[in-house]
file model-v3.txt (compact mmCIF, C-alpha atoms and all ligand atoms)
# COMPACT_ATOMS: atom_id res chain seq x y z
CA MET A 78 121.75 98.08 107.63
CA ALA A 79 121.39 101.75 106.77
CA ASP A 80 120.70 104.11 109.62
CA ALA A 81 116.94 104.63 109.68
CA ALA A 82 117.28 107.98 111.47
CA ALA A 83 119.47 109.32 108.64
CA PHE A 84 116.83 108.54 106.00
CA LYS A 85 115.40 111.71 104.56
CA PRO A 86 112.47 111.44 102.19
CA LEU A 87 112.30 113.71 99.17
CA PRO A 88 110.62 117.01 99.98
CA LEU A 89 106.94 117.02 99.08
CA ARG A 90 105.91 119.22 96.23
CA LYS A 91 104.45 122.50 97.39
CA HIS A 92 100.70 122.83 97.08
CA THR A 93 100.15 125.15 94.13
CA GLY A 94 96.39 125.13 93.86
CA THR A 95 96.43 124.05 90.20
CA ALA A 96 94.07 121.16 90.79
CA HIS A 97 91.67 123.43 92.65
CA ARG A 98 91.49 125.84 89.75
CA ARG A 99 90.52 122.99 87.47
CA LEU A 100 87.90 121.67 89.84
CA ARG A 101 85.90 124.90 89.80
CA PRO A 102 82.49 124.63 88.11
CA GLU A 103 83.40 127.48 85.71
CA PHE A 104 86.13 125.28 84.28
CA SER A 105 83.61 122.86 82.78
CA ASP A 106 81.23 125.53 81.49
CA PHE A 107 80.37 123.86 78.19
CA GLY A 108 79.79 120.24 77.31
CA LEU A 109 78.14 117.75 75.01
CA GLU A 110 74.80 118.33 76.76
CA ASP A 111 74.84 121.96 75.62
CA LEU A 112 75.54 120.84 72.07
CA GLU A 113 72.59 118.43 72.18
CA LYS A 114 70.25 121.40 72.64
CA LEU A 115 71.50 123.19 69.52
CA THR A 116 69.74 123.00 66.16
CA GLU A 117 71.73 122.73 62.93
CA LEU A 118 71.11 126.48 62.36
CA GLN A 119 72.44 127.37 65.80
CA ALA A 120 75.51 125.21 65.10
CA VAL A 121 76.14 127.28 61.94
CA GLU A 122 75.79 130.49 63.99
CA LEU A 123 78.16 129.20 66.66
CA LEU A 124 80.81 128.34 64.07
CA ALA A 125 80.33 131.65 62.23
CA LYS A 126 80.85 133.60 65.46
CA HIS A 127 84.06 131.71 66.21
CA PHE A 128 85.36 131.93 62.65
CA TRP A 129 84.49 135.54 61.81
CA GLY A 130 83.28 137.08 65.08
CA SER A 131 79.81 137.60 63.58
CA ALA A 132 76.98 135.51 62.18
CA THR A 133 75.77 138.27 59.87
CA GLU A 134 78.89 139.90 58.44
CA MET A 135 81.63 137.72 57.00
CA PRO A 136 84.28 137.51 54.24
CA CYS A 137 83.37 135.62 51.07
CA PRO A 138 85.87 132.73 50.66
CA HIS A 139 85.79 133.20 46.85
CA CYS A 140 86.46 136.94 46.46
CA GLY A 141 87.22 138.11 50.01
CA THR A 142 84.46 140.75 50.13
CA ILE A 143 83.38 141.46 53.71
CA ASP A 144 79.68 142.27 53.78
CA THR A 145 76.29 141.18 55.13
CA HIS A 146 75.81 138.56 52.41
CA TYR A 147 72.38 137.11 51.48
CA TRP A 148 71.43 134.21 53.75
CA ARG A 149 69.62 131.29 52.10
CA ARG A 150 67.84 129.50 54.88
CA ARG A 151 66.92 126.31 53.02
CA GLU A 152 70.44 125.67 51.70
CA MET A 153 72.11 126.95 54.90
CA ARG A 154 74.45 128.96 52.70
CA TRP A 155 75.20 132.59 51.97
CA LYS A 156 75.23 134.15 48.52
CA CYS A 157 77.99 136.67 47.99
CA LYS A 158 76.81 140.24 47.27
CA CYS A 159 79.83 140.80 45.06
CA CYS A 160 80.66 137.65 43.05
CA ASP A 161 77.26 135.87 43.29
CA LYS A 162 78.87 132.61 44.37
CA THR A 163 77.49 130.74 47.36
CA PHE A 164 79.36 129.48 50.40
CA SER A 165 78.64 127.67 53.63
CA VAL A 166 80.14 128.23 57.07
CA THR A 167 82.82 125.58 56.45
CA SER A 168 83.78 126.74 52.93
CA GLY A 169 87.49 127.59 52.85
CA THR A 170 88.22 125.71 56.09
CA PRO A 171 89.70 122.23 56.69
CA PHE A 172 86.10 120.95 57.00
CA ALA A 173 85.05 122.18 53.55
CA GLY A 174 82.90 119.60 51.75
CA HIS A 175 82.07 117.69 54.94
CA LYS A 176 79.47 114.94 54.70
CA LEU A 177 78.82 114.41 58.40
CA PRO A 178 76.24 116.79 59.98
CA LEU A 179 77.91 119.88 61.46
CA LEU A 180 76.58 119.14 64.94
CA LYS A 181 78.19 115.73 64.94
CA ILE A 182 81.54 117.20 63.89
CA LEU A 183 81.21 119.73 66.72
CA LYS A 184 80.41 116.97 69.22
CA ILE A 185 83.42 114.93 68.12
CA THR A 186 85.56 118.08 68.38
CA VAL A 187 84.42 118.84 71.95
CA SER A 188 84.96 115.20 72.86
CA TRP A 189 88.49 115.39 71.42
CA ILE A 190 89.25 118.62 73.29
CA ASN A 191 88.22 117.15 76.64
CA GLY A 192 90.79 114.34 76.59
CA ALA A 193 93.57 115.31 79.02
CA SER A 194 96.42 113.94 76.90
CA GLY A 195 94.54 113.42 73.66
CA LYS A 196 91.69 111.20 72.57
CA PRO A 197 92.22 108.11 70.38
CA ALA A 198 90.30 107.92 67.10
CA LEU A 199 89.20 104.39 67.99
CA GLN A 200 87.41 105.66 71.09
CA LEU A 201 85.75 108.46 69.10
CA MET A 202 84.68 105.87 66.53
CA ARG A 203 82.93 103.81 69.21
CA ASP A 204 81.48 106.82 71.06
CA TRP A 205 79.99 108.46 67.98
CA ARG A 206 79.36 105.44 65.74
CA VAL A 207 81.33 106.75 62.77
CA ALA A 208 83.86 104.95 60.56
CA TYR A 209 87.41 104.81 61.90
CA GLY A 210 88.65 106.82 58.93
CA THR A 211 86.10 109.55 59.67
CA ALA A 212 87.18 109.91 63.30
CA PHE A 213 90.86 109.72 62.28
CA THR A 214 90.59 112.42 59.61
CA ILE A 215 88.52 114.75 61.83
CA CYS A 216 91.23 114.55 64.52
CA HIS A 217 93.93 115.14 61.93
CA ARG A 218 92.11 118.07 60.36
CA LEU A 219 92.07 119.64 63.83
CA ARG A 220 95.79 118.84 64.21
CA GLU A 221 96.51 120.36 60.81
CA SER A 222 94.83 123.57 61.98
CA LEU A 223 97.17 123.55 64.99
CA VAL A 224 100.28 122.86 62.87
CA ARG A 225 99.50 125.73 60.53
CA GLY A 226 97.69 128.06 62.95
CA HIS A 227 99.15 127.55 66.41
CA ASN A 228 102.75 126.39 65.94
CA THR A 229 103.77 129.71 64.37
CA GLY A 230 105.03 133.14 65.35
CA ILE A 231 107.95 134.78 67.11
CA VAL A 232 107.75 135.68 70.80
CA CYS A 233 110.18 137.48 73.08
CA GLY A 234 111.00 136.44 76.63
CA VAL A 235 112.65 133.57 78.44
CA HIS A 236 112.58 130.42 76.29
CA GLU A 237 113.26 126.98 77.72
CA MET A 238 114.44 124.43 75.15
CA ASP A 239 114.98 120.72 75.09
CA GLY A 240 114.89 117.68 72.81
CA LEU A 241 113.17 114.35 73.40
CA ASP A 242 114.10 111.01 71.86
CA VAL A 243 110.93 109.55 70.44
CA LEU A 244 110.04 106.63 68.20
CA GLY A 245 112.45 104.11 66.74
CA ARG A 246 112.93 100.61 68.11
CA ASN A 247 113.71 100.63 71.88
CA HIS A 248 114.49 104.31 71.71
CA ALA A 249 114.07 104.80 75.47
CA ALA A 250 116.43 101.97 76.44
CA LYS A 251 119.04 103.04 73.90
CA ARG A 252 119.06 106.68 74.88
CA GLY A 253 122.55 108.07 75.51
CA LYS A 254 124.26 104.70 75.03
CA PRO A 255 126.63 103.58 72.27
CA GLN A 256 124.85 101.13 70.01
CA VAL A 257 126.19 97.66 69.35
CA VAL A 258 126.90 97.01 65.69
CA LYS A 259 126.85 93.26 64.94
CA SER A 260 129.68 93.07 62.42
CA THR A 261 132.28 94.85 64.54
CA GLY A 262 131.09 93.96 68.04
CA LYS A 263 130.80 96.61 70.71
CA LYS A 264 131.85 100.07 69.63
CA GLU A 265 134.84 101.53 71.40
CA PHE A 266 135.21 105.24 71.90
CA PRO A 267 138.57 106.66 70.73
CA LYS A 268 140.75 107.21 73.80
CA HIS A 269 141.52 110.85 73.01
CA LEU A 270 137.81 111.72 73.11
CA LEU A 271 137.21 110.33 76.60
CA LYS A 272 137.13 112.72 79.55
CA ASP A 273 139.70 112.26 82.31
CA GLU A 274 137.92 110.64 85.24
CA GLN A 275 140.71 111.62 87.66
CA ALA A 276 140.49 115.31 86.81
CA ALA A 277 139.01 117.76 89.30
CA GLY A 278 135.39 118.60 88.63
CA PHE A 279 134.77 115.47 86.55
CA VAL A 280 131.09 114.82 85.98
CA GLY A 281 130.18 111.56 84.28
CA PRO A 282 129.77 109.85 81.93
CA ALA A 283 133.29 109.79 80.48
CA LYS A 284 132.01 109.27 76.95
CA PRO A 285 131.56 112.28 74.69
CA PRO A 286 127.78 112.74 74.40
CA LYS A 287 127.44 113.06 70.65
CA TRP A 288 130.15 110.76 69.37
CA ASP A 289 128.96 109.24 66.14
CA LYS A 290 125.39 109.34 67.40
CA LYS A 291 123.92 109.90 63.96
CA ALA A 292 125.70 106.89 62.44
CA ASN A 293 124.49 104.62 65.24
CA GLN A 294 120.97 105.93 65.41
CA HIS A 295 118.04 103.76 64.39
CA PRO A 296 116.65 105.14 61.10
CA ASP A 297 113.16 105.43 62.64
CA ARG A 298 114.28 107.46 65.62
CA ARG A 299 113.21 111.10 65.80
CA ILE A 300 113.89 113.98 68.16
CA LEU A 301 111.00 116.19 69.18
CA LEU A 302 112.46 119.63 69.89
CA VAL A 303 110.47 122.00 72.05
CA THR A 304 110.79 125.62 73.07
CA ARG A 305 108.49 127.07 75.72
CA LEU A 306 108.03 130.70 76.71
CA ARG A 307 108.10 131.21 80.45
CA GLY A 308 105.19 133.17 81.97
CA ARG A 309 105.98 136.60 83.45
CA SER A 310 104.91 135.87 87.04
CA LYS A 311 106.32 133.16 89.28
CA GLY A 312 104.40 129.89 89.30
CA MET A 313 102.59 130.72 86.07
CA GLY A 314 104.36 128.01 84.07
CA ALA A 315 104.77 128.24 80.31
CA VAL A 316 102.49 130.43 78.23
CA ALA A 317 103.48 129.40 74.69
CA THR A 318 104.85 126.12 73.36
CA PHE A 319 106.39 125.44 69.96
CA VAL A 320 107.63 122.12 68.64
CA ALA A 321 109.54 120.71 65.67
CA VAL A 322 110.72 117.26 64.65
CA ALA A 323 114.40 116.67 63.87
CA ILE A 324 116.36 113.62 62.81
CA THR A 325 119.13 114.45 65.31
CA GLU A 326 119.47 117.12 67.97
CA SER A 327 122.05 118.97 65.88
CA ALA A 328 123.16 122.58 66.24
CA LYS A 329 121.43 123.40 62.95
CA ALA A 330 118.13 121.88 64.07
CA VAL A 331 117.95 123.57 67.48
CA PHE A 332 119.08 126.86 65.99
CA THR A 333 116.39 126.72 63.28
CA LEU A 334 113.68 126.12 65.87
CA ALA A 335 114.99 128.87 68.16
CA ARG A 336 115.18 131.45 65.34
CA ARG A 337 111.71 130.45 64.15
CA HIS A 338 110.04 131.24 67.47
CA ALA A 339 112.39 133.31 69.68
CA SER A 340 113.35 136.90 68.92
CA ALA A 341 116.99 138.01 69.22
CA GLU A 342 116.18 139.85 72.48
CA SER A 343 115.13 136.56 74.13
CA ALA A 344 117.01 134.60 76.76
CA ILE A 345 117.40 130.88 76.13
CA MET A 346 117.67 128.24 78.84
CA SER A 347 118.83 124.76 77.87
CA ASP A 348 120.75 121.77 79.15
CA GLU A 349 124.48 121.37 78.49
CA ASP A 350 124.03 119.67 75.15
CA PRO A 351 126.83 120.85 72.79
CA SER A 352 124.31 121.65 70.04
CA TYR A 353 123.26 124.78 71.98
CA ALA A 354 126.86 126.00 72.34
CA ALA A 355 126.63 128.91 69.87
CA PHE A 356 123.39 130.38 71.23
CA GLY A 357 125.17 133.00 73.37
CA SER A 358 126.21 135.01 70.32
CA TYR A 359 122.76 135.08 68.69
CA PHE A 360 120.42 135.70 71.61
CA ALA A 361 120.51 138.26 74.43
CA ALA A 362 121.39 135.56 76.96
CA HIS A 363 122.00 131.82 77.03
CA GLU A 364 122.12 129.91 80.31
CA THR A 365 122.65 126.20 80.73
CA VAL A 366 121.96 123.79 83.54
CA ASN A 367 123.99 120.63 84.08
CA HIS A 368 121.43 117.92 84.63
CA SER A 369 123.88 115.47 86.18
CA GLU A 370 124.41 118.00 89.01
CA THR A 371 121.14 119.85 89.47
CA PHE A 372 117.77 120.60 87.90
CA SER A 373 117.95 124.35 88.43
CA ARG A 374 120.47 127.02 89.40
CA ASP A 375 119.96 130.21 91.39
CA GLY A 376 116.22 129.62 91.41
CA ARG A 377 115.87 130.92 87.85
CA ILE A 378 118.10 128.93 85.49
CA SER A 379 116.39 125.74 84.40
CA ASN A 380 114.64 124.19 81.45
CA ASN A 381 112.15 122.29 83.60
CA LEU A 382 109.14 123.60 81.67
CA ALA A 383 110.50 121.97 78.52
CA GLU A 384 111.18 118.78 80.50
CA SER A 385 107.61 118.73 81.79
CA PHE A 386 106.33 119.05 78.22
CA ASN A 387 108.50 116.07 77.29
CA MET A 388 106.90 114.04 80.06
CA ARG A 389 103.43 114.91 78.79
CA MET A 390 104.42 114.10 75.22
CA LYS A 391 105.67 110.69 76.33
CA ARG A 392 102.37 110.14 78.13
CA LEU A 393 100.50 111.08 74.95
CA ILE A 394 102.49 108.63 72.83
CA ARG A 395 102.71 105.72 75.26
CA GLY A 396 99.42 106.17 77.07
CA VAL A 397 96.92 107.36 74.46
CA TYR A 398 97.95 107.16 70.82
CA LEU A 399 100.29 104.13 71.19
CA ASN A 400 101.24 103.84 67.55
CA VAL A 401 102.40 107.28 66.42
CA SER A 402 104.25 107.17 63.10
CA GLN A 403 107.24 109.30 62.13
CA LYS A 404 105.13 110.80 59.37
CA TYR A 405 102.60 112.39 61.73
CA LEU A 406 104.83 112.97 64.76
CA ALA A 407 104.93 116.75 64.20
CA ASP A 408 101.11 116.83 64.13
CA TYR A 409 100.86 114.97 67.44
CA GLY A 410 103.57 117.22 68.90
CA CYS A 411 101.55 120.30 67.95
CA GLU A 412 98.48 118.78 69.56
CA ALA A 413 100.40 118.22 72.83
CA ALA A 414 101.75 121.79 72.66
CA TRP A 415 98.26 123.21 72.17
CA ARG A 416 96.82 121.14 75.02
CA GLU A 417 99.57 122.52 77.26
CA ASP A 418 98.97 126.12 76.21
CA VAL A 419 95.21 126.07 76.83
CA ARG A 420 95.37 123.98 80.02
CA GLU A 421 94.09 126.85 82.18
CA LEU A 422 91.11 127.72 79.97
CA PRO A 423 87.53 126.51 80.47
CA THR A 424 86.09 124.22 77.81
CA SER A 425 84.14 126.93 75.97
CA ARG A 426 87.28 129.03 75.50
CA LYS A 427 89.32 126.00 74.44
CA LEU A 428 86.70 125.30 71.79
CA GLY A 429 86.72 128.95 70.72
CA HIS A 430 90.52 128.97 70.51
CA LEU A 431 90.60 125.83 68.41
CA LEU A 432 87.77 126.94 66.10
CA SER A 433 89.37 130.35 65.53
CA MET A 434 92.38 128.50 64.10
CA VAL A 435 90.20 126.13 62.05
CA GLY A 436 88.54 129.22 60.58
CA ARG A 437 91.69 130.94 59.46
CA VAL A 438 94.08 128.29 58.06
CA GLY A 439 92.17 127.73 54.82
CA VAL A 440 91.25 124.42 53.22
CA SER A 441 92.99 121.23 54.30
CA LEU A 442 96.20 120.58 52.39
CA TRP A 443 96.78 117.06 53.69
CA TRP A 444 93.41 115.46 54.51
CA CYS A 445 91.22 116.11 51.46
CA GLY A 446 90.56 112.81 49.70
CA PHE A 447 92.22 110.72 52.41
CA SER A 448 89.64 107.95 52.02
CA HIS A 449 90.42 107.90 48.28
CA GLY A 450 94.09 107.18 48.89
CA GLN A 451 95.39 110.75 48.73
CA HIS A 452 97.75 110.76 51.69
CA ARG A 453 100.44 113.20 52.71
CA GLY A 454 103.65 111.83 51.25
CA HIS A 455 106.11 113.65 53.49
CA GLU A 456 106.90 114.15 57.13
CA LEU A 457 107.35 117.63 58.58
CA THR A 458 110.79 118.18 60.05
CA VAL A 459 112.73 121.21 61.13
CA ASP A 460 114.90 120.89 58.01
CA GLY A 461 111.89 120.89 55.68
CA GLU A 462 109.77 118.12 54.23
CA LEU A 463 111.20 114.59 54.11
CA PRO A 464 109.67 111.78 52.02
CA ALA A 465 107.75 109.61 54.47
CA LYS A 466 107.88 105.87 54.83
CA ALA A 467 104.51 104.33 54.01
CA ARG A 468 102.72 102.30 56.66
CA GLY A 469 99.57 100.22 56.75
CA ARG A 470 98.09 98.10 53.94
CA ARG A 471 100.02 97.79 50.71
CA LYS A 472 98.36 99.14 47.58
CA GLY A 473 95.68 96.73 46.36
CA GLN A 474 95.88 94.56 49.47
CA GLN A 475 92.46 93.64 50.82
CA PRO A 476 91.70 93.47 54.56
CA LYS A 477 91.16 90.04 56.08
CA PRO A 478 87.51 88.90 56.04
CA PRO A 479 85.89 88.78 59.52
CA ARG A 480 85.98 85.38 61.24
ZN ZN B 501 82.40 136.64 46.70
call {"tool": "encode", "arguments": {"input": "model-v3.txt", "output": "structure tokens"}}
result
Amino acid sequence: MADAAAFKPLPLRKHTGTAHRRLRPEFSDFGLEDLEKLTELQAVELLAKHFWGSATEMPCPHCGTIDTHYWRRREMRWKCKCCDKTFSVTSGTPFAGHKLPLLKILKITVSWINGASGKPALQLMRDWRVAYGTAFTICHRLRESLVRGHNTGIVCGVHEMDGLDVLGRNHAAKRGKPQVVKSTGKKEFPKHLLKDEQAAGFVGPAKPPKWDKKANQHPDRRILLVTRLRGRSKGMGAVATFVAVAITESAKAVFTLARRHASAESAIMSDEDPSYAAFGSYFAAHETVNHSETFSRDGRISNNLAESFNMRMKRLIRGVYLNVSQKYLADYGCEAAWREDVRELPTSRKLGHLLSMVGRVGVSLWWCGFSHGQHRGHELTVDGELPAKARGRRKGQQPKPPR
């Protein structure tokens, strides 16, 4: 029997006060009850202030003229002083041409924001008594705003990068293991590629990590790459998160993501994956941490912020959305990234942050006419747009009648 006296439990995590910050009353400063009190006119004013910063002066979505346009109370629309066309508060946004009352869309949005790791469309459907397609497209219009409004830009600082195996059959169980191919039996690694287990400083496994991974990968498997900007002060966590979907965690894929969001003066922290090997010559610094030895070195070299995002992304897929398709994985990834970035904000500011993006990305490119069969035909990957595999009912197939 093991010596009980020698047993040392893992050190407890230091108390950081994060939970306390979120328990303060200021953190939940805005809710559905406040929305209930608003009239439809006040809802228009609220949206106008978040979109344009003013409910009286705004740009015309047709000609771009910024002016105090004529307000038509009965139609709830403005008439442009320059081009004489009329527009509503949602014209030129992903919610243009909405049929649901504005207040209800706002309520569904606040309800969606308040989910810790996301909110399923089925739950929104039951809560708000709307069709499933309505709840689903509202959520995706919000996600589209995040893909095109939040997952952009270049920032300078310390970036932590990592990739996460997601989707594909049994992707978690198969991670890092050679796959069995039926016709040839178990795959053998070529001897010359194996590391010498007797050598000094050997750290397992002996197999080369990337050997023929692409050929053995399930066609549905995807890698969600993430880069997170570390906050300036200690204990602050990450302040900006960017994601991209890749077919494999190749050097080209990680490099594209890094160049998209990290300036050349940035320092990159990653694990010892060979795909990051060339980073040292493109960025000011590149540090790696060997995860089979330690999680961080010298108290500063780690990519734990990226790993914590991966954990939350897994929770979002396995705990909330359950059935995320390859086609919309990038959208869900952007949602998780946004939820991480605004985690310290009270509800009213989260709503403001989200609406400011809804107001500036323009009309929806992917969700107009969804109920009429106009679906996005491609998935968004770091290499560009890939034709997406269709899912759901086949064309012309009718749903089963209720029993
Ligand atoms: Zn105009």
call {"tool": "closest_residue", "arguments": {"input": "model-v3.txt", "among": "A:Arg377, A:Arg225, A:Lys427, A:His338", "to": "A:Gly312", "atoms": "all atoms listed in the file"}}
result
A:Arg377
call {"tool": "residues_near_point", "arguments": {"input": "model-v3.txt", "point": "(73.8, 131.1, 50.7)", "cutoff": "12 Å", "atoms": "all atoms listed in the file", "output": "JSON, numbers by chain"}}
result
{"A": [133, 137, 145, 146, 147, 148, 149, 150, 151, 152, 153, 154, 155, 156, 157, 158, 161, 162, 163, 164, 165, 166, 168]}
call {"tool": "atom_distance", "arguments": {"input": "model-v3.txt", "atom1": "atom CA of A:Thr186", "atom2": "atom CA of A:His455"}}
result
25.8 Å
call {"tool": "residues_around", "arguments": {"input": "model-v3.txt", "residues": "A:Met135", "least_positions_apart": "4", "cutoff": "9 Å", "atoms": "all atoms listed in the file", "output": "PyMOL selection string"}}
result
chain A and resi 125+128-131+141-146
call {"tool": "atom_distance", "arguments": {"input": "model-v3.txt", "atom1": "atom CA of A:Glu364", "atom2": "atom CA of A:Asn380"}}
result
9.5 Å
call {"tool": "residues_around", "arguments": {"input": "model-v3.txt", "residues": "A:Met238", "least_positions_apart": "4", "cutoff": "10 Å", "atoms": "all atoms listed in the file", "output": "list in words"}}
result
Leu302, Val303, Thr304, Arg305, Leu306, Thr318, Phe319, Val320, Val331, Leu334, Ala335, Ile345, Met346, Ser347, Asp348, Tyr353, Ser379, Asn380, Asn381, Leu382, Ala383 and Glu384 of chain A
call {"tool": "closest_residue", "arguments": {"input": "model-v3.txt", "among": "A:Pro197, A:Pro178, A:Pro136, A:Gly108", "to": "ligand ZN 501 (chain B)", "atoms": "only C-alpha atoms and all ligand atoms"}}
result
A:Pro136
call {"tool": "atom_distance", "arguments": {"input": "model-v3.txt", "atom1": "atom CA of A:Thr116", "atom2": "atom CA of A:Lys184"}}
result
12.6 Å
call {"tool": "residues_near_point", "arguments": {"input": "model-v3.txt", "point": "(114.5, 135.2, 77.3)", "cutoff": "7 Å", "atoms": "only C-alpha atoms", "output": "ChimeraX atom specification"}}
result
/A:233-236,342-345,362
call {"tool": "closest_residue", "arguments": {"input": "model-v3.txt", "among": "A:Arg220, A:Arg437, A:Arg336, A:Arg203", "to": "A:Leu406", "atoms": "all atoms listed in the file"}}
result
A:Arg220
call {"tool": "residues_around", "arguments": {"input": "model-v3.txt", "residues": "A:Glu103", "least_positions_apart": "6", "cutoff": "10 Å", "atoms": "only C-alpha atoms", "output": "list of chain:residue names"}}
result
A:Leu422, A:Pro423, A:Thr424, A:Ser425
call {"tool": "write_last_selection", "arguments": {"input": "model-v3.txt", "atoms": "C-alpha atoms", "output": "CSV table (one decimal), keeping the file's coordinate frame"}}
result
chain,number,residue,atom,x,y,z
A,422,LEU,CA,91.1,127.7,80.0
A,423,PRO,CA,87.5,126.5,80.5
A,424,THR,CA,86.1,124.2,77.8
A,425,SER,CA,84.1,126.9,76.0
call {"tool": "residues_around", "arguments": {"input": "model-v3.txt", "residues": "A:Lys466", "least_positions_apart": "5", "cutoff": "9 Å", "atoms": "only C-alpha atoms", "output": "JSON, numbers by chain"}}
result
{"A": [403, 404, 454, 455, 456]}
call {"tool": "write_last_selection", "arguments": {"input": "model-v3.txt", "atoms": "C-alpha atoms", "output": "PDB file, in the coordinates of the input"}}
result
ATOM      1  CA  GLN A 403     107.240 109.300  62.130  1.00  0.00           C
ATOM      2  CA  LYS A 404     105.130 110.800  59.370  1.00  0.00           C
ATOM      3  CA  GLY A 454     103.650 111.830  51.250  1.00  0.00           C
ATOM      4  CA  HIS A 455     106.110 113.650  53.490  1.00  0.00           C
ATOM      5  CA  GLU A 456     106.900 114.150  57.130  1.00  0.00           C
TER       6      GLU A 456
END
call {"tool": "closest_residue", "arguments": {"input": "model-v3.txt", "among": "A:Cys159, A:Arg307, A:Pro296, A:Pro102", "to": "ligand ZN 501 (chain B)", "atoms": "all atoms listed in the file"}}
result
A:Cys159
call {"tool": "closest_residue", "arguments": {"input": "model-v3.txt", "among": "A:Ser369, A:Ser352, A:Ser402, A:Gln451", "to": "A:Ser327", "atoms": "only C-alpha atoms"}}
result
A:Ser352
call {"tool": "closest_residue", "arguments": {"input": "model-v3.txt", "among": "A:Ser385, A:Leu219, A:Asn191, A:Pro476", "to": "A:Ser105", "atoms": "only C-alpha atoms"}}
result
A:Asn191
